[in-house]
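Here's the structure, in structure tokens; my notes come after.
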Amino acid sequence: MTFALETAANPERLRRVAIDPVSRVEGHGKVTLLLDDHQRVHQVRLHIVEFRGFEKFIQGRPYWEVPVMVQRLCGICPVSHHLAASKALDAIVGAAKLTPTAEKIRRLMHYGQIMQSHALHFFHLCSPDLLFGFDSDASRRNIVAVARAHPDVARQGVLLRKFGQEIIRVTAGKRIHGTGSVPGGVNKTVTVEERDALLADVYHMIAWSRGAVRLIKDLHAQNPALYNSFGVFRSNLMSLTGIDGALDFYHGSLRARSENGDILFDGVDYRGYASLIQEEVKPWSYMKFPFLTALGKEKGWYRVGPLSRVQNCDSIPTPLAEAERREFVDYSGGTPIHAPLAYHWARMIEMLHAVETIKDLLHDDDILDGELTVSGPRALEGVGVIEAPRGTLIHHYRVGEDDLVTMCNLIVSTTHNNQAMNEAIRNVAQRYLRGHEITEGLLNHIEVAIRAFDPCLSCATHALGQMPLAVELVDAQGELVDTLSRDGDGVVHGARGA
Amino acid sequence: MSAGVVVIAVGNRSRGDDAIGPLLLGRLEAWLAGPGRGSDIKLVEDFQLQIEHALDLAGRRLVLFVDAGTGTCAPYEFRAVVASAPGRSHTSHALAPEAVLGVYRQVTGEDSPPAFVLCVRGERFELGDDLSDAARAHVEAAWQQLLALCARPEIERWRTAAAGAPAERSPPEPAGALSAGR
């Protein structure tokens with residue numbers, strides 16, 4: 001299946017622009033643009049090097065090690081892998097239903113992860129673009145500039161992030177390499193002292209999260225033309241939904257809607273994901289392209305993450321976030337919002353919901369005491385699905401009679417969004433790059449579209465000295481005529497006429 | 001009372017030479033547990049530097065970041081760092097040490113404590129890789145530097161070492177094989 005702007009008719013006659021984050025690990029991602037002599041865009045591709053080494057990494061290990069080991073797959077969302085693996089392995093140990101204490105502690109951990117991840121993404125990664133504009137001077141587009149212009153925003157972002165990390169530390173046992181969730185339950189409760197310390201701060205966190213929702217709403221209101229149209233494309237939506245169709249990050253069944261908001265399927269047991277979803281391989285990309293089997297490759301691709309979840313659910317089970325969801329839905333008259341920049345608005349609604357849920361769980365004495373684990377008839381296969389900060393995360397394992405893992409399959413959120421991200425940057429490239437010189441500001445528009453999805457490119461390794469961004473301009477003969485690179489400190493280096 | 005020095009090691013123990021920082025931190029932790037070595041050094045390990053690490057700097061008089069590096073002179077570099085604006089990519093959620101110092105300054109309104117980086121050259125970083133032979137040698141050299149720094153955590157000594165003067169070396173540690181900690 002080939003989409004518009006995916007493949008140019010005569011690529012050999014076009015110039016090539018590459019936005020290339022050069023990592024010494026895996027290359028991470030690269031955007032290539034094929035332009036003709038009149039700077040018209042003919043081909044746009046987002047290349048992401050999906051990490052598939054995890055099968056080898058996990059196979060052969062005892063299943064009980066897996067929830068700890070998988071945290072090393074990703075330094076961005078280790079807790080998501082920790083919990084998705086634990087859910088899959090619950091089935092292996094026959095834990096059909098966790099104890100109230102175990103489920104609530106896992107939820108507390110997960111909502112802490114959602115909160116801290118969303119806070120980081122919005123306040124640190126995206127607020128500079130949103131507050132100063134995509135065309136602003138690159139030196140302003142960072143959190144220090146945000147702090148200078150909006151000191152409370154920057155400070156609150158750091159403290160929200162820190163609070164989420166504390167939730168993880170208290171529930172997982174450590175700040176990283178947590179061991180709190182185990183097959184069949186958890187291995188610790190929360191102490192009264194830990195609970196009280198978190199309760200002392202949680203109401204500030206709720207207030208700041210409400211402020212963050214207000215901030216992004218204001219930005220939409222101030223410039224609806226930009227926010228409603230930037231990189232916009234239409235797609236299906238998919239996520240877990242909980243009981244009665246409510247938003248639930250930890251558990252539920254799969255639901256998908258069409259681009260018009262019609263239900264495509266609902267209440268589907270996620271253990272059957274393999275028949276529901278297929279993955280297309282394309283020769284130009286290492287990352288696969290998932291699609292809904294029933295709709296096929298052309299019509300079946302979809303997006304996941306905050307924008308899908310907030311619009312896929314029927315309600316949000318906490319009052320402040322639910323009020324915000326209703327306002328979000330009303331904004332577009334009840335039809336799905338497809339604009340990528342609306343991800344930020346949905347993400348902040350989710351952060352507010354996460355903090356409200358954390359508050360409720362901290363007031364629940366089940367987290368302080370109770371049975372930690374359950375077990376039942378042993379099984380040889382398990383599937384665990386959660387809604388990670390970036391979207392639906394699937395873990396699937398088979399375990400032998402000797403307790404060693406024989407098969408694992410992971411579908412991470414960024415893979416689900418592969419086609420969607422490609423569509424977003426094609427739209428942006430066509431709209432903003434045509435007839436223009438390639439400048440840092442214009443290229444930042446591409447990055448803004450990618451950032452909206454908050455992709456995670458398996459960057460658990462971050463040695464000093466990496467070069468996250470390089471741009472190359474190659475002519476029709478394949479000669480390099482210009483380069484633009486940005487190092488790890490955000491400094492831009494150019495080498496025109498190389 | 002909080003420790004006056006914080007050592008923040010960054011890396012993933014399951015990605016080859018990215019384990020350098022955590023391995024050095026583990027070795028330092030064992031050394032600090034020895035008799036009479038006090039508790040003035042706080043140890044922090046994470047996959048990568050983030051904005052909240054700025055809060056780990058509060059109340060310290062010295063900060064040391066330990067990380068693996070590419071393009072780093074072998075076996076390691078030791079240098080002072082100052083605050084700067086964090087750079088961003090389209091996805092990276094990680095900060096450079098200089099950016100963490102910059103966040104500290106903006107969040108607290110104060111200059112960050114004097115900070116240094118011990119950056120040890122790594123060669124390979126794939127998931128599931130063990131530590132490379134080259135990195136093992138680099139770690140041994142860096143460990144002597146780290147030991148010298150932590151045995152005498154004094155700003156002038158650290159500045160002298162960062163300026164290129166030979167650091168005062170501590171007695172060799174009892175032999176202990178490094179592993180990738182997997």
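Simple scheme: letters A, B, ... for chains in structure tokens order, numbers from 1 for residues in each chain, numbers from 1 for ligands in the order shown.
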
Using only C-alpha atoms, which residues of chain B come within 9 Å of chain A, and what is the closest atom pair for each, with the distance in Å to one decimal? Give it as a tab-separated table, sorted by chain and residue number.
```
residue	atom	partner	partner_atom	distance
B:Val10	CA	A:His462	CA	7.8
B:Gly11	CA	A:Thr461	CA	6.2
B:Asn12	CA	A:Thr461	CA	6.1
B:Arg13	CA	A:Arg72	CA	7.6
B:Ser14	CA	A:Arg72	CA	6.4
B:Arg15	CA	A:Thr461	CA	7.0
B:Asp18	CA	A:Thr461	CA	6.3
B:Glu45	CA	A:Ile176	CA	7.7
B:Asp46	CA	A:Ile176	CA	6.3
B:Phe47	CA	A:Gly75	CA	5.3
B:Gln48	CA	A:His462	CA	6.0
B:Leu49	CA	A:His462	CA	8.4
B:Gln50	CA	A:Leu120	CA	8.7
B:Ile51	CA	A:Val158	CA	6.1
B:Glu52	CA	A:Lys162	CA	5.5
B:His53	CA	A:Lys162	CA	8.6
B:Ala54	CA	A:Val158	CA	8.5
B:Leu55	CA	A:Lys162	CA	8.3
B:Asp67	CA	A:Ala463	CA	6.2
B:Ala68	CA	A:Ala463	CA	4.9
B:Gly69	CA	A:Leu464	CA	4.5
B:Thr70	CA	A:Gly465	CA	5.3
B:Gly71	CA	A:Gly465	CA	6.3
B:Thr72	CA	A:Gly465	CA	7.4
B:Ser84	CA	A:Asp489	CA	8.0
B:Ala85	CA	A:Val144	CA	5.7
B:Pro86	CA	A:Asp489	CA	5.9
B:Gly87	CA	A:Gly490	CA	3.6
B:Arg88	CA	A:Gly490	CA	5.9
B:Ser89	CA	A:Pro468	CA	5.9
B:His90	CA	A:Glu447	CA	5.0
B:Thr91	CA	A:Pro455	CA	6.1
B:Ser92	CA	A:Cys459	CA	7.4
B:His93	CA	A:Ile76	CA	7.1
B:Ala94	CA	A:His462	CA	7.1
B:Leu95	CA	A:Gly488	CA	8.0
B:Ala96	CA	A:Asp489	CA	6.8
B:Pro97	CA	A:Leu464	CA	8.9
B:Glu98	CA	A:Asp489	CA	8.2
B:Ala99	CA	A:Asp489	CA	7.6
B:Gly102	CA	A:Val144	CA	6.8
B:Val103	CA	A:Val144	CA	6.4
B:Arg105	CA	A:Val144	CA	8.8
B:Gln106	CA	A:Ala147	CA	6.0
B:Val107	CA	A:Arg155	CA	5.2
B:Thr108	CA	A:Arg155	CA	8.3
B:Cys119	CA	A:Leu464	CA	7.3
B:Gly122	CA	A:Ala463	CA	8.2
B:Arg124	CA	A:Val25	CA	7.6
B:Phe125	CA	A:Val25	CA	5.7
B:Glu126	CA	A:Val25	CA	6.4
B:Leu127	CA	A:Gly53	CA	6.5
B:Gly128	CA	A:Phe57	CA	5.8
B:Arg182	CA	A:Met69	CA	8.7
```

For A:Gly305: contacts at 9 Å, only C-alpha atoms, fewer than 4 positions along chain excluded, given as a ChimeraX atom specification: /A:237-239,309-310,343,347,387-392,413,417,453-454

Straight-line distance linking atom CA of B:Pro35 with atom CA of B:Ala162, stated in Å to one decimal: 28.3 Å

Option closest in space to A:Arg326, from A:Ala346, A:Glu166, A:Thr171, A:Asp90 [counting only C-alpha atoms]: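 That would be A:Ala346, the residue with the smallest distance to A:Arg326.
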
Atomic distance atom CA of B:Glu140 - atom CA of B:Phe78, expressed in Å with one decimal: 14.5 Å

Separation of atom CA of B:Leu62 from atom CA of B:Val82 in Å: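 Atom-to-atom, atom CA of B:Val82 to atom CA of B:Leu62, that is 12.4 Å.
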
Residue contacts of B:Gly4 (6 Å, only C-alpha atoms) excluding same-chain residues fewer than 5 positions away, as a PyMOL selection string: chain B and resi 40+60-61

Backbone-only DSSP, strand (DSSP E) members of chain B, as number ranges by chain: B: 5-10, 41-46, 62-69, 76-81, 115-121

DSSP helix (DSSP H, G or I) selection over chain B, as a PyMOL selection string: chain B and resi 16-32+51-57+97-108+133-151+155-162

Which residue of A:Asp36, A:Asp403, A:Asp129, A:Asp364 approaches A:His445 most closely, using only C-alpha atoms: A:Asp129

For A:Met348: contacts at 7 Å, only C-alpha atoms, fewer than 3 positions along chain excluded, given as a ChimeraX atom specification: /A:212-213,344-345,351-352

Long-range neighbours of A:Thr191 as a list in words, 9 Å cut-off, only C-alpha atoms, 5 positions minimum in chain: Val170, Asp196, Ile367, Leu368 and Asp369 of chain A

Since we have the selection now, will you write its residues out, keeping all heavy atoms, as a PDB file, in the first residue's frame?
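Dumped everything to out-v1.pdb:
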```
ATOM      1  N   VAL A 170       7.764   5.152  45.380  1.00  0.00           N
ATOM      2  CA  VAL A 170       7.048   4.587  46.521  1.00  0.00           C
ATOM      3  C   VAL A 170       6.381   3.259  46.161  1.00  0.00           C
ATOM      4  O   VAL A 170       6.350   2.326  46.965  1.00  0.00           O
ATOM      5  CB  VAL A 170       6.004   5.617  47.031  1.00  0.00           C
ATOM      6  CG1 VAL A 170       4.963   4.956  47.915  1.00  0.00           C
ATOM      7  CG2 VAL A 170       6.706   6.743  47.765  1.00  0.00           C
ATOM      8  N   ASP A 196       1.200   9.863  53.397  1.00  0.00           N
ATOM      9  CA  ASP A 196       0.955  11.206  53.914  1.00  0.00           C
ATOM     10  C   ASP A 196       1.832  12.252  53.216  1.00  0.00           C
ATOM     11  O   ASP A 196       1.393  13.381  52.967  1.00  0.00           O
ATOM     12  CB  ASP A 196       1.190  11.241  55.425  1.00  0.00           C
ATOM     13  CG  ASP A 196       0.118  10.461  56.186  1.00  0.00           C
ATOM     14  OD1 ASP A 196      -0.906  10.106  55.559  1.00  0.00           O
ATOM     15  OD2 ASP A 196       0.310  10.210  57.393  1.00  0.00           O
ATOM     16  N   ILE A 367      -4.289   0.551  49.735  1.00  0.00           N
ATOM     17  CA  ILE A 367      -2.878   0.626  49.316  1.00  0.00           C
ATOM     18  C   ILE A 367      -1.925   0.447  50.501  1.00  0.00           C
ATOM     19  O   ILE A 367      -0.734   0.250  50.302  1.00  0.00           O
ATOM     20  CB  ILE A 367      -2.546   1.950  48.583  1.00  0.00           C
ATOM     21  CG1 ILE A 367      -2.630   3.151  49.531  1.00  0.00           C
ATOM     22  CG2 ILE A 367      -3.442   2.136  47.360  1.00  0.00           C
ATOM     23  CD1 ILE A 367      -2.051   4.434  48.961  1.00  0.00           C
ATOM     24  N   LEU A 368      -2.479   0.514  51.722  1.00  0.00           N
ATOM     25  CA  LEU A 368      -1.629   0.421  52.911  1.00  0.00           C
ATOM     26  C   LEU A 368      -1.503  -1.000  53.439  1.00  0.00           C
ATOM     27  O   LEU A 368      -0.544  -1.323  54.150  1.00  0.00           O
ATOM     28  CB  LEU A 368      -2.186   1.319  54.029  1.00  0.00           C
ATOM     29  CG  LEU A 368      -2.368   2.802  53.698  1.00  0.00           C
ATOM     30  CD1 LEU A 368      -3.014   3.531  54.874  1.00  0.00           C
ATOM     31  CD2 LEU A 368      -1.026   3.442  53.346  1.00  0.00           C
ATOM     32  N   ASP A 369      -2.467  -1.836  53.121  1.00  0.00           N
ATOM     33  CA  ASP A 369      -2.484  -3.167  53.704  1.00  0.00           C
ATOM     34  C   ASP A 369      -3.352  -4.086  52.843  1.00  0.00           C
ATOM     35  O   ASP A 369      -4.279  -3.616  52.182  1.00  0.00           O
ATOM     36  CB  ASP A 369      -3.049  -3.101  55.131  1.00  0.00           C
ATOM     37  CG  ASP A 369      -2.819  -4.394  55.893  1.00  0.00           C
ATOM     38  OD1 ASP A 369      -1.889  -5.137  55.520  1.00  0.00           O
ATOM     39  OD2 ASP A 369      -3.581  -4.666  56.839  1.00  0.00           O
TER      40      ASP A 369
END
```

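Among the candidates A:Lys30, A:Arg61, A:His118, A:His47, the residue lying nearest to A:Leu404 is A:Arg61 (atoms considered: only C-alpha atoms).
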
Distance criterion (only C-alpha atoms): nearest to B:Leu32 out of B:Ala137, B:Val81, B:Ala74, B:Leu146: B:Leu146
